[in-house]
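One file, start-v7.txt, carrying compact mmCIF, C-alpha atoms:
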```
# COMPACT_ATOMS: atom_id res chain seq x y z
CA VAL A 278 0.88 40.50 -11.16
CA PRO A 279 1.41 43.44 -8.83
CA PRO A 280 5.16 44.24 -8.73
CA ALA A 281 5.14 44.52 -4.94
CA LEU A 282 4.69 40.74 -4.52
CA PRO A 283 7.82 39.01 -3.22
CA PRO A 284 9.33 36.45 -5.59
CA THR A 285 9.31 33.85 -2.81
CA ALA A 286 5.50 33.87 -2.53
CA THR A 287 3.90 30.41 -2.69
CA THR A 288 0.19 31.39 -2.68
CA LEU A 289 -1.67 33.95 -4.78
CA ASP A 290 -5.40 34.64 -4.39
CA LEU A 291 -7.07 36.79 -7.07
CA SER A 292 -10.55 35.33 -6.73
CA HIS A 293 -13.74 37.43 -6.80
CA ASN A 294 -12.41 39.99 -9.26
CA ALA A 295 -13.19 40.93 -12.86
CA LEU A 296 -10.33 39.24 -14.72
CA THR A 297 -11.21 38.43 -18.32
CA GLN A 298 -7.92 36.98 -19.55
CA LEU A 299 -4.45 35.92 -18.39
CA GLN A 300 -1.44 37.30 -20.21
CA ASP A 301 1.37 35.06 -21.46
CA ARG A 302 4.01 34.29 -18.82
CA TRP A 303 2.20 36.43 -16.29
CA LEU A 304 3.57 34.29 -13.43
CA ALA A 305 7.24 34.68 -14.42
CA THR A 306 7.98 36.84 -11.36
CA LEU A 307 6.65 34.13 -8.99
CA PRO A 308 8.82 31.07 -9.69
CA HIS A 309 7.95 29.39 -6.37
CA LEU A 310 4.17 29.65 -6.64
CA GLU A 311 2.36 26.49 -5.46
CA ALA A 312 -1.28 27.57 -5.05
CA LEU A 313 -3.25 29.91 -7.32
CA HIS A 314 -6.86 30.99 -6.72
CA ILE A 315 -8.57 32.82 -9.58
CA SER A 316 -12.14 31.67 -9.03
CA HIS A 317 -15.23 33.88 -9.54
CA ASN A 318 -13.82 35.90 -12.39
CA GLN A 319 -14.79 36.30 -16.06
CA ILE A 320 -12.09 34.29 -17.82
CA LYS A 321 -13.38 32.82 -21.08
CA ASP A 322 -10.22 31.43 -22.62
CA LEU A 323 -6.59 30.64 -21.87
CA SER A 324 -3.64 31.43 -24.10
CA PRO A 325 -1.10 28.67 -24.86
CA GLN A 326 1.53 30.25 -22.59
CA ALA A 327 -0.68 31.50 -19.78
CA PHE A 328 0.92 29.08 -17.28
CA HIS A 329 4.28 28.77 -18.98
CA ASN A 330 6.30 29.80 -15.90
CA ALA A 331 4.26 27.90 -13.29
CA SER A 332 5.96 24.52 -13.30
CA TYR A 333 5.81 24.28 -9.47
CA LEU A 334 2.08 24.99 -9.22
CA ARG A 335 0.27 22.18 -7.38
CA HIS A 336 -3.18 23.66 -6.68
CA LEU A 337 -5.21 25.65 -9.23
CA ASP A 338 -8.71 26.93 -8.46
CA MET A 339 -10.39 28.29 -11.60
CA SER A 340 -13.93 27.53 -10.53
CA SER A 341 -16.86 29.82 -11.38
CA ASN A 342 -15.48 31.36 -14.57
CA HIS A 343 -16.72 31.26 -18.19
CA LEU A 344 -14.69 28.58 -19.97
CA HIS A 345 -16.58 26.74 -22.73
CA ALA A 346 -14.07 23.94 -23.31
CA VAL A 347 -10.93 22.39 -21.93
CA GLU A 348 -8.35 22.47 -24.68
CA THR A 349 -5.12 20.49 -24.84
CA HIS A 350 -2.82 23.48 -24.39
CA TYR A 351 -4.59 24.92 -21.35
CA PHE A 352 -2.73 23.05 -18.60
CA ASN A 353 0.12 21.19 -20.31
CA ALA A 354 2.76 23.41 -18.68
CA LEU A 355 1.54 22.57 -15.17
CA VAL A 356 3.62 19.42 -14.84
CA SER A 357 3.42 19.45 -11.01
CA LEU A 358 -0.32 20.04 -10.78
CA GLU A 359 -2.15 17.83 -8.27
CA GLU A 360 -5.55 19.48 -7.84
CA LEU A 361 -7.61 21.26 -10.51
CA LEU A 362 -10.96 22.95 -9.80
CA LEU A 363 -13.04 23.70 -12.92
CA TYR A 364 -16.58 23.43 -11.59
CA ASN A 365 -19.33 25.93 -12.35
CA HIS A 366 -18.25 26.91 -15.88
CA HIS A 367 -19.96 26.48 -19.25
CA ILE A 368 -17.70 23.65 -20.34
CA ALA A 369 -19.38 21.49 -22.97
CA ARG A 370 -16.32 19.69 -24.34
CA GLU A 371 -13.03 18.38 -23.08
CA ASP A 372 -10.17 17.32 -25.28
CA GLU A 373 -9.03 13.75 -24.65
CA ASN A 374 -5.41 14.94 -24.25
CA ALA A 375 -6.20 17.83 -21.93
CA PHE A 376 -4.61 16.06 -18.92
CA ALA A 377 -2.23 13.74 -20.77
CA LYS A 378 0.96 15.39 -19.47
CA LEU A 379 -0.23 15.84 -15.89
CA SER A 380 1.19 12.67 -14.42
CA GLY A 381 0.80 13.85 -10.81
CA LEU A 382 -2.85 14.88 -11.11
CA ARG A 383 -4.88 13.56 -8.17
CA LYS A 384 -8.15 15.50 -8.13
CA VAL A 385 -10.20 17.02 -10.97
CA TYR A 386 -13.52 18.77 -10.31
CA LEU A 387 -15.70 19.33 -13.39
CA SER A 388 -19.15 19.38 -11.82
CA TRP A 389 -21.86 21.90 -12.70
CA ASN A 390 -20.90 22.22 -16.36
CA ASN A 391 -22.54 21.30 -19.68
CA LEU A 392 -20.62 18.15 -20.56
CA THR A 393 -22.63 15.78 -22.74
CA THR A 394 -19.76 13.33 -23.34
CA PHE A 395 -16.45 12.66 -21.69
CA PRO A 396 -13.34 10.79 -22.95
CA PHE A 397 -13.36 8.04 -20.32
CA HIS A 398 -10.77 6.03 -22.22
CA ALA A 399 -8.27 8.81 -21.42
CA VAL A 400 -8.97 8.34 -17.72
CA LYS A 401 -7.46 4.85 -17.85
CA GLY A 402 -4.16 6.42 -18.81
CA LEU A 403 -4.30 8.68 -15.79
CA GLY A 404 -5.21 5.75 -13.60
CA ILE A 405 -1.74 4.26 -13.77
CA TYR A 406 -0.45 7.39 -12.07
CA SER A 407 -2.21 8.94 -9.09
CA LEU A 408 -5.74 10.04 -10.06
CA ARG A 409 -8.10 9.60 -7.11
CA THR A 410 -11.03 11.97 -7.74
CA LEU A 411 -12.89 12.78 -10.97
CA ASP A 412 -16.07 14.72 -10.28
CA LEU A 413 -18.42 14.76 -13.29
CA SER A 414 -21.61 15.24 -11.31
CA SER A 415 -24.33 17.72 -12.28
CA ASN A 416 -23.56 17.75 -15.99
CA SER A 417 -25.54 16.69 -19.06
CA LEU A 418 -24.13 13.22 -19.64
CA SER A 419 -26.75 11.17 -21.47
CA SER A 420 -24.77 7.94 -21.78
CA ILE A 421 -21.63 6.41 -20.34
CA PRO A 422 -19.63 3.34 -21.42
CA VAL A 423 -20.61 0.97 -18.62
CA GLU A 424 -18.23 -1.82 -19.61
CA GLU A 425 -15.33 0.59 -19.86
CA LEU A 426 -16.02 2.14 -16.48
CA ALA A 427 -16.43 -1.26 -14.83
CA ALA A 428 -12.93 -2.17 -16.00
CA LEU A 429 -11.31 0.88 -14.38
CA PRO A 430 -9.13 0.35 -11.30
CA GLU A 431 -11.04 0.50 -8.05
CA ASN A 432 -9.12 3.51 -6.78
CA ILE A 433 -10.54 5.52 -9.73
CA ARG A 434 -14.07 4.11 -9.42
CA ASN A 435 -14.08 5.07 -5.75
CA GLY A 436 -13.71 8.75 -6.71
CA LEU A 437 -15.66 8.77 -10.01
CA TYR A 438 -18.75 10.86 -9.25
CA LEU A 439 -21.55 10.56 -11.83
CA HIS A 440 -24.64 11.53 -9.84
CA ASN A 441 -27.18 14.12 -10.99
CA ASN A 442 -26.75 13.38 -14.70
CA PRO A 443 -29.55 12.50 -17.17
CA ILE A 444 -28.02 9.15 -18.11
CA ARG A 445 -30.37 6.84 -19.97
CA CYS A 446 -31.76 4.13 -17.68
CA SER A 447 -30.49 0.63 -18.36
CA CYS A 448 -29.91 -2.60 -16.51
CA PRO A 449 -26.11 -2.55 -17.02
CA LEU A 450 -25.95 0.93 -15.48
CA TYR A 451 -28.11 -0.08 -12.53
CA LEU A 452 -26.18 -3.30 -11.89
CA MET A 453 -22.82 -1.54 -12.11
CA LEU A 454 -23.73 1.14 -9.58
CA GLN A 455 -25.35 -1.42 -7.29
CA ARG A 456 -22.14 -3.37 -7.32
CA TRP A 457 -20.16 -0.22 -6.50
CA LYS A 458 -22.51 0.35 -3.58
CA GLN A 459 -22.00 -3.19 -2.30
CA ARG A 460 -18.25 -2.65 -2.39
CA GLY A 461 -18.64 0.56 -0.37
CA LEU A 462 -17.27 2.92 -3.02
CA SER A 463 -17.62 6.55 -1.98
CA SER A 464 -18.87 7.65 -5.41
CA VAL A 465 -22.15 5.77 -4.82
CA LYS A 466 -22.28 5.37 -1.06
CA ASN A 467 -22.05 9.09 -0.27
CA PHE A 468 -24.53 10.17 -3.02
CA PHE A 469 -26.92 7.23 -3.11
CA GLU A 470 -30.14 9.23 -3.61
CA GLU A 471 -28.59 11.74 -6.02
CA HIS A 472 -28.01 9.11 -8.73
CA THR A 473 -30.65 9.65 -11.41
CA CYS A 474 -31.39 8.21 -14.82
CA LYS A 475 -33.62 9.29 -17.67
CA VAL A 476 -36.51 7.01 -18.61
CA SER A 477 -37.14 8.46 -22.08
CA ASN A 478 -35.06 10.72 -24.29
CA ASN A 479 -38.26 12.29 -25.64
CA VAL A 480 -39.37 13.40 -22.18
CA PRO A 481 -36.81 15.89 -20.83
CA ARG A 482 -37.93 15.72 -17.20
CA SER A 483 -38.37 11.94 -16.93
CA LEU A 484 -35.64 11.55 -14.31
CA ILE A 485 -35.95 9.05 -11.48
CA LYS A 486 -33.75 8.18 -8.53
CA PHE A 487 -33.22 4.66 -9.74
CA LEU A 488 -30.96 3.50 -6.91
CA LYS A 489 -33.40 4.64 -4.25
CA TYR A 490 -36.42 3.16 -6.04
CA SER A 491 -34.72 -0.02 -7.13
CA HIS A 492 -37.95 -2.05 -7.40
CA LEU A 493 -38.32 -0.68 -10.94
CA PHE A 494 -35.23 -2.68 -11.91
CA GLU A 495 -35.92 -5.87 -10.02
CA ASN A 496 -36.13 -7.79 -13.31
CA CYS A 497 -32.53 -6.91 -14.15
CA SER A 498 -30.47 -10.06 -13.80
CA ALA A 499 -26.91 -9.86 -12.67
CA GLY A 500 -24.54 -10.38 -15.55
CA PRO A 501 -21.08 -11.90 -15.42
CA GLU A 502 -19.59 -8.58 -14.40
CA ASP A 503 -21.72 -8.45 -11.26
CA VAL A 504 -20.79 -11.72 -9.64
CA HIS A 505 -17.91 -11.99 -7.23
CA PRO A 506 -14.57 -13.15 -8.64
CA VAL A 507 -14.28 -16.91 -8.88
CA PRO A 508 -11.60 -18.19 -6.47
CA PHE A 509 -8.79 -20.09 -8.19
CA PRO A 510 -6.10 -21.45 -5.82
CA VAL A 511 -2.92 -22.77 -7.38
CA MET A 512 0.48 -23.81 -6.03
CA VAL A 513 3.77 -22.20 -6.97
CA GLY A 514 5.25 -23.67 -10.13
CA GLN A 515 2.04 -25.12 -11.52
CA THR A 516 0.49 -24.24 -14.88
CA LEU A 517 -2.54 -21.95 -14.72
CA LEU A 518 -5.28 -21.79 -17.40
CA LEU A 519 -8.08 -19.23 -17.06
CA THR A 520 -11.18 -19.50 -19.27
CA CYS A 521 -14.49 -17.64 -19.55
CA ASN A 522 -17.67 -19.39 -20.62
CA THR A 523 -18.93 -17.42 -23.62
CA SER A 524 -21.01 -18.03 -26.72
CA LEU A 525 -19.80 -15.05 -28.71
CA PRO A 526 -18.86 -15.63 -32.35
CA ALA A 527 -15.13 -16.14 -32.65
CA THR A 528 -14.85 -14.36 -36.00
CA ALA A 529 -15.99 -10.94 -34.79
CA THR A 530 -14.64 -11.04 -31.25
CA THR A 531 -11.19 -10.60 -29.80
CA TYR A 532 -10.28 -11.02 -26.17
CA MET A 533 -8.25 -9.15 -23.61
CA TRP A 534 -7.41 -9.79 -19.99
CA ILE A 535 -6.53 -7.22 -17.35
CA SER A 536 -3.96 -8.43 -14.84
CA PRO A 537 -4.01 -7.58 -11.10
CA HIS A 538 -1.32 -4.99 -11.89
CA HIS A 539 -3.71 -3.30 -14.39
CA GLU A 540 -1.73 -4.53 -17.38
CA PRO A 541 -3.76 -5.23 -20.55
CA ILE A 542 -2.92 -8.63 -22.00
CA ARG A 543 -3.79 -9.30 -25.65
CA TYR A 544 -2.89 -12.02 -28.13
CA PRO A 545 -0.31 -13.56 -28.04
CA GLY A 546 0.54 -12.52 -24.46
CA ASN A 547 2.44 -10.05 -22.36
CA SER A 548 5.80 -8.52 -23.22
CA ASN A 549 8.06 -10.95 -21.32
CA GLY A 550 6.25 -14.09 -22.52
CA SER A 551 5.32 -15.37 -19.06
CA VAL A 552 1.58 -15.08 -19.85
CA GLU A 553 -0.03 -16.36 -23.07
CA LEU A 554 -3.44 -15.50 -24.51
CA TYR A 555 -5.09 -17.84 -27.02
CA HIS A 556 -7.54 -16.92 -29.78
CA ASN A 557 -10.45 -18.46 -27.84
CA GLY A 558 -9.86 -16.11 -24.90
CA SER A 559 -8.07 -18.55 -22.57
CA LEU A 560 -5.22 -17.15 -20.52
CA LYS A 561 -2.27 -19.38 -19.67
CA ILE A 562 0.45 -18.86 -17.07
CA ALA A 563 3.09 -21.54 -17.58
CA VAL A 564 4.80 -21.23 -14.19
CA ALA A 565 2.73 -19.65 -11.42
CA LYS A 566 4.58 -17.29 -9.11
CA PRO A 567 3.38 -15.48 -5.97
CA TRP A 568 3.24 -12.15 -7.83
CA HIS A 569 0.67 -13.64 -10.22
CA SER A 570 -1.92 -13.55 -7.41
CA GLY A 571 -4.89 -11.21 -7.75
CA VAL A 572 -8.08 -10.63 -9.73
CA TYR A 573 -7.93 -11.19 -13.49
CA VAL A 574 -10.69 -9.62 -15.61
CA GLY A 575 -11.62 -11.18 -18.96
CA LEU A 576 -13.01 -8.83 -21.63
CA ALA A 577 -14.47 -9.36 -25.09
CA ILE A 578 -13.81 -6.67 -27.71
CA ASN A 579 -16.20 -6.24 -30.62
CA SER A 580 -14.94 -2.82 -31.73
CA PRO A 581 -12.20 -0.39 -30.64
CA HIS A 582 -14.47 1.18 -28.00
CA ASN A 583 -16.93 -1.65 -27.29
CA PHE A 584 -15.82 -3.75 -24.32
CA SER A 585 -17.91 -6.31 -22.50
CA ARG A 586 -16.81 -8.05 -19.33
CA LEU A 587 -16.94 -11.83 -19.40
CA CYS A 588 -15.64 -13.00 -16.04
CA GLU A 589 -13.42 -12.30 -13.07
CA VAL A 590 -11.04 -14.85 -11.58
CA ASN A 591 -9.35 -14.39 -8.21
CA VAL A 592 -6.04 -16.26 -8.44
CA THR A 593 -4.21 -17.19 -5.23
CA VAL A 594 -0.72 -18.62 -5.65
CA HIS A 595 0.54 -20.35 -2.50
CA TYR A 596 3.39 -22.59 -1.47
CA PRO A 597 2.68 -26.30 -0.77
CA LYS A 598 2.39 -27.34 2.85
CA THR A 599 4.71 -30.06 4.13
CA ASP A 600 3.33 -33.22 5.76
CA GLU A 601 5.41 -32.72 8.89
CA GLU A 602 3.70 -29.42 9.56
CA THR A 603 1.20 -30.72 12.15
CA PHE A 604 1.33 -27.90 14.65
CA SER A 605 0.64 -24.29 14.09
CA THR A 606 3.36 -21.74 14.60
CA GLY A 607 1.75 -20.31 17.71
CA LEU A 608 1.37 -23.71 19.39
CA THR A 609 4.94 -24.67 18.53
CA THR A 610 6.24 -21.42 20.03
CA LEU A 611 4.23 -21.97 23.21
CA LEU A 612 5.53 -25.51 23.64
CA GLY A 613 9.09 -24.31 23.08
CA CYS A 614 8.70 -21.65 25.79
CA ILE A 615 7.30 -24.19 28.27
CA VAL A 616 10.12 -26.66 27.65
CA SER A 617 12.73 -23.90 28.02
CA LEU A 618 11.18 -22.79 31.32
CA VAL A 619 11.18 -26.35 32.70
CA LEU A 620 14.82 -26.80 31.74
CA VAL A 621 15.77 -23.53 33.46
CA LEU A 622 13.98 -24.61 36.66
CA ILE A 623 15.70 -28.00 36.59
CA TYR A 624 19.06 -26.31 36.17
CA LEU A 625 18.45 -23.90 39.05
CA TYR A 626 16.95 -26.25 41.65
CA LEU A 627 17.83 -29.82 40.65
CA THR A 628 21.53 -29.51 39.78
CA PRO A 629 23.27 -32.66 41.11
CA CYS A 630 26.13 -32.23 43.58
CA ARG A 631 29.09 -34.52 43.44
CA CYS A 632 29.88 -34.48 47.16
CA LEU A 633 27.06 -35.33 49.53
CA SER A 634 28.69 -33.77 52.57
CA CYS A 635 28.75 -30.24 51.20
CA CYS A 636 25.23 -30.58 49.82
CA LYS A 637 23.76 -31.74 53.12
CA LYS A 638 25.53 -29.12 55.26
CA PRO A 639 24.54 -25.59 54.39
CA ALA A 640 27.99 -24.34 55.30
CA PRO A 641 28.64 -20.65 54.60
CA LEU A 642 31.61 -21.34 52.44
CA SER A 643 32.91 -24.79 51.65
CA PRO A 644 36.55 -25.30 50.72
CA PRO A 645 37.12 -25.52 47.03
CA GLN A 646 38.87 -28.88 47.49
CA GLU A 647 35.67 -30.54 48.70
CA CYS A 648 33.08 -29.60 46.12
CA SER A 649 33.55 -29.13 42.43
CA ALA A 650 30.55 -26.81 42.21
CA GLN A 651 32.75 -23.91 43.33
CA SER A 652 33.68 -23.01 39.79
CA SER A 653 34.04 -19.61 38.33
CA ILE A 654 30.74 -17.87 37.73
CA LEU A 655 31.65 -14.39 36.69
CA SER A 656 34.80 -14.95 34.70
CA THR A 657 34.85 -12.74 31.64
CA THR A 658 37.41 -14.63 29.59
CA PRO A 659 38.79 -18.14 29.72
CA PRO A 660 42.14 -18.46 31.54
CA ALA A 661 45.17 -17.67 29.46
CA THR A 662 47.17 -20.66 30.70
CA ASP A 663 46.25 -23.87 32.39
CA GLY A 664 49.33 -24.12 34.60
CA PRO A 665 49.08 -24.22 38.35
CA ASN A 666 51.07 -21.04 38.85
CA ARG A 667 49.00 -18.82 36.59
CA LYS A 668 48.24 -15.22 37.55
CA VAL A 669 45.50 -12.81 36.76
CA SER A 670 46.42 -10.49 33.92
CA ALA A 671 47.03 -6.94 35.00
CA SER A 672 44.65 -5.66 32.39
CA LYS A 673 41.77 -8.00 33.34
CA HIS A 674 39.77 -7.54 36.56
CA VAL A 675 37.37 -10.34 37.44
CA VAL A 676 35.44 -11.28 40.52
CA PHE A 677 36.37 -14.94 40.78
CA LEU A 678 39.15 -16.88 39.14
CA GLU A 679 38.05 -20.17 37.64
CA PRO A 680 39.80 -22.93 39.58
CA ILE A 681 41.82 -25.63 37.87
CA ARG A 682 40.81 -29.06 38.98
CA GLU A 683 43.73 -31.46 38.91
CA THR A 684 43.45 -34.94 40.18
CA GLN A 685 46.20 -35.72 42.66
CA ASN A 686 46.07 -38.85 44.77
CA GLY A 687 42.36 -39.12 44.12
CA LYS A 688 41.61 -35.55 45.35
CA ILE A 689 40.81 -32.31 43.64
CA ARG A 690 43.38 -29.55 44.10
CA LEU A 691 42.74 -25.88 43.49
CA ALA A 692 45.50 -24.03 41.72
CA LEU A 693 46.05 -20.66 43.40
CA GLY A 694 48.42 -17.90 42.42
CA GLU A 695 50.32 -15.53 44.57
CA ASP A 696 47.49 -13.05 44.47
CA PHE A 697 45.34 -15.12 46.85
CA PRO A 698 45.49 -15.01 50.63
CA ASP A 699 46.17 -17.95 52.87
CA THR A 700 44.31 -21.01 51.65
CA LYS A 701 44.33 -23.09 54.76
CA HIS A 702 41.15 -21.54 56.05
CA PRO A 703 39.76 -19.71 53.03
CA LYS A 704 36.71 -17.72 53.76
CA VAL A 705 36.54 -15.51 50.68
CA LEU A 706 38.62 -15.81 47.57
CA GLN A 707 39.50 -12.29 46.53
CA LEU A 708 41.74 -10.75 43.93
CA LYS A 709 43.97 -7.81 44.53
CA SER A 710 42.42 -4.56 43.34
CA ASP A 711 44.22 -1.40 42.62
CA SER A 712 42.96 2.12 43.10
CA GLU A 713 41.75 2.38 39.51
CA SER A 714 39.18 -0.44 39.41
CA ILE A 715 36.87 -2.05 41.95
CA SER A 716 34.78 -5.07 40.97
CA SER A 717 31.57 -5.68 42.86
CA VAL A 718 30.49 -9.24 43.63
CA PHE A 719 26.86 -8.29 43.10
CA SER A 720 27.28 -6.65 39.67
CA ASP A 721 25.15 -8.12 36.90
CA THR A 722 27.98 -8.27 34.40
CA PRO A 723 31.73 -8.58 34.71
CA ILE A 724 33.65 -5.33 34.64
CA VAL A 725 36.54 -5.24 32.21
CA SER A 726 38.85 -2.27 32.01
```
Structure encoded using structure tokens:
Amino acid sequence: VPPALPPTATTLDLSHNALTQLQDRWLATLPHLEALHISHNQIKDLSPQAFHNASYLRHLDMSSNHLHAVETHYFNALVSLEELLLYNHHIAREDENAFAKLSGLRKVYLSWNNLTTFPFHAVKGLGIYSLRTLDLSSNSLSSIPVEELAALPENIRNGLYLHNNPIRCSCPLYLMLQRWKQRGLSSVKNFFEEHTCKVSNNVPRSLIKFLKYSHLFENCSAGPEDVHPVPFPVMVGQTLLLTCNTSLPATATTYMWISPHHEPIRYPGNSNGSVELYHNGSLKIAVAKPWHSGVYVGLAINSPHNFSRLCEVNVTVHYPKTDEETFSTGLTTLLGCIVSLVLVLIYLYLTPCRCLSCCKKPAPLSPPQECSAQSSILSTTPPATDGPNRKVSASKHVVFLEPIRETQNGKIRLALGEDFPDTKHPKVLQLKSDSESISSVFSDTPIVS
């Protein structure tokens, strides 16, 4: 690395040069490097410690070089790597543990190489992390494990690009890719015509676009893996038993289920014992819970690497509905709003008045002795005492004081303190206000100081 580079650099571009090898610890002076571009060079191999000091590297572009394999030690030190570009090499082999320690790897581009096989079973391990794109297009793959790929999580299948490979034509391959197309997966939808298969191994150029000319495979019948998941509703707390109709010999076949959380379930069941798997392939959930909902995939295993899909079951765990639940939530809310509005209108316009004289005469201000409707409206706190000689607290300023109705000789008497003016001809009841606080009659809320 040129010594003039600042140690705080985050991007280094050495592409389109004539580099043939990378020295050990050559990035030690750039501890904050995040993106490295060394494409279009002549690198043929990588030493075990070539990226030893690049633990923060997230993007590595090594495309268009001369690697012949992807060994285990090549990228193990890049623990933060998210995107790896290795297209346009001469790679014919990849070690199954090449990406085992890259838990944050999201995108791997291996197109335009010479790969004849690929360790797809290692991809399942990456799938539980964050892998979203695996580009294996334009290689020399002659066969792929269809059952194993069909069991991968959908987020990996969406970015698993297999087009432009001489894969041997077969009905399982055709049906799998047709199903991916129906689900709208980008790996098939965006490269529909580029998917090819080889009719005969003895004829090197016998490649056809089998998805475009699908009439050649019209006799292929959809197998169990190509039908939609069978719906299976169940209520919370019930026992759930999932079975697949199969005629496979029980002596040479073992079974495995894949849960909606991508957990493999084998005999006798999962780790916590909530799910049991019998020898005949039936899956039992003793007490169904809402988190048990999802698609369960049943697989038959004839050998360590020979999987065949038997069925898919879409389990929906729901709570039981009560008999009293006759109205929907939206209708109930609407009725509640209407009733509340009617009650408010009745309160505003149909409030009964106890004295007919004050209700009939629209007098400006009626004496508080005559009508009990002249109660406090804007009082902030209830009165401290109920005696007739009470006063307003010096620390509380209110607009109106709530009157005390006391029955005396059959009449209602208003208790007034010394802070009120003459009550013989009361026009406006008003409290004394000092220079520090003024309370407005038209304020929306009481003012408390």
**Message:** Let me make sure I understand: among A:Leu493, A:Leu518, A:Ser341, A:Ser417, which one has the smallest atom-to-atom distance to A:Pro481 if we use all atoms listed in the file?
**Reply:**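 Checking each of A:Leu493, A:Leu518, A:Ser341, A:Ser417 against A:Pro481, counting all atoms listed in the file, the winner is A:Ser417.
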**Request:** Provide the atom CA of A:Asn441 to atom CA of A:Ala427 distance in Å, to one decimal place.
**Result:**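 Between atom CA of A:Asn441 and atom CA of A:Ala427 the gap works out to 19.2 Å.
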**Request:** Give me the residues within 7 Å of A:Tyr333 as a PyMOL selection string, counting all atoms listed in the file and dropping any in the same chain fewer than 3 places off.
**Result:** chain A and resi 309-311+357
**Prompt:** Which residue out of A:Ser491, A:Thr349, A:Asn435, A:Thr473 has the minimum interatomic distance to A:Trp457 when only C-alpha atoms are used?
**Reply:** A:Asn435
**Item:** Shortest interatomic distance to A:Ile433 - which of A:His472, A:Lys378, A:Lys384, A:Arg370, counting all atoms listed in the file
**Value:**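 Counting all atoms listed in the file, the residue closest to A:Ile433 is A:Lys384.
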**Request:** Grab the atom CA of A:Val465 to atom CA of A:Leu437 distance for me, in Å with one decimal place.
**Result:** 8.8 Å
**Item:** Between atom CA of A:Met339 and atom CA of A:Leu307 - distance in Å to one decimal
**Value:**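 Between atom CA of A:Leu307 and atom CA of A:Met339 the gap works out to 18.2 Å.
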**Item:** Using only C-alpha atoms: which of A:Ser316, A:Ser483, A:Asn294, A:Asn432 has the shortest distance to A:Ile444
**Value:**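 Closest to A:Ile444 of all the choices is A:Ser483.
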To test the calculation: enclose all listed atoms of stretch 435-438 of chain A in a box whose edges run along x, y and z, add 6 Å on each side, then state centre and edge lengths in Å to one decimal, as AutoDock Vina command-line options.
```
--center_x -16.2 --center_y 8.0 --center_z -7.9 --size_x 17.0 --size_y 17.8 --size_z 16.3
```
**Prompt:** So which one's closest to A:Asn391, A:Ser407, A:Asn442, A:Val564, A:Asp322? Using all atoms listed in the file, please.
**Reply:** A:Asn442
**Prompt:** Skipping near chain neighbours, those fewer than 2 positions away, what residues fall within 6 Å of stretch 585-597 of chain A using all atoms listed in the file, listed as a ChimeraX atom specification?
**Reply:** /A:424,501-502,506-513,521,567,570-577
**Request:** Dig up all the protein and nucleic acid residues within 9 Å of (9.3, -18.1, -20.8) in the file frame, using only C-alpha atoms, and format them as a list in words.
**Result:**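 Neighbouring residues, ordered by chain and number, come to Asn549, Gly550, Ser551, Val552, Ala563 and Val564 of chain A.
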**Asked** Of the candidates A:Leu519, A:Leu454, A:Val619, A:Ala399, which shows the shortest atom-to-atom distance to A:Ser536, using all atoms listed in the file?
**Response** A:Leu519
Could you complete stretch 326-333 of chain A so that it carries N, CA, C and O atoms, and give it back as a tab-separated table (two decimals), keeping the file's coordinate frame?
```tsv
chain	number	residue	atom	x	y	z
A	326	GLN	N	0.43	30.05	-23.52
A	326	GLN	CA	1.53	30.25	-22.59
A	326	GLN	C	1.08	30.97	-21.32
A	326	GLN	O	1.88	31.63	-20.66
A	327	ALA	N	-0.17	30.81	-20.97
A	327	ALA	CA	-0.68	31.50	-19.78
A	327	ALA	C	-0.02	30.97	-18.50
A	327	ALA	O	0.25	31.73	-17.57
A	328	PHE	N	0.28	29.66	-18.46
A	328	PHE	CA	0.92	29.08	-17.28
A	328	PHE	C	2.32	28.56	-17.62
A	328	PHE	O	2.78	27.57	-17.05
A	329	HIS	N	2.99	29.27	-18.51
A	329	HIS	CA	4.28	28.77	-18.98
A	329	HIS	C	5.33	28.78	-17.89
A	329	HIS	O	6.21	27.91	-17.86
A	330	ASN	N	5.29	29.69	-16.95
A	330	ASN	CA	6.30	29.80	-15.90
A	330	ASN	C	5.75	29.34	-14.55
A	330	ASN	O	6.15	29.85	-13.51
A	331	ALA	N	4.86	28.37	-14.54
A	331	ALA	CA	4.26	27.90	-13.29
A	331	ALA	C	4.46	26.40	-13.14
A	331	ALA	O	3.54	25.65	-12.84
A	332	SER	N	5.69	25.95	-13.33
A	332	SER	CA	5.96	24.52	-13.30
A	332	SER	C	5.88	23.94	-11.90
A	332	SER	O	5.80	22.71	-11.74
A	333	TYR	N	5.90	24.77	-10.84
A	333	TYR	CA	5.81	24.28	-9.47
A	333	TYR	C	4.39	24.38	-8.91
A	333	TYR	O	4.16	24.02	-7.75
```
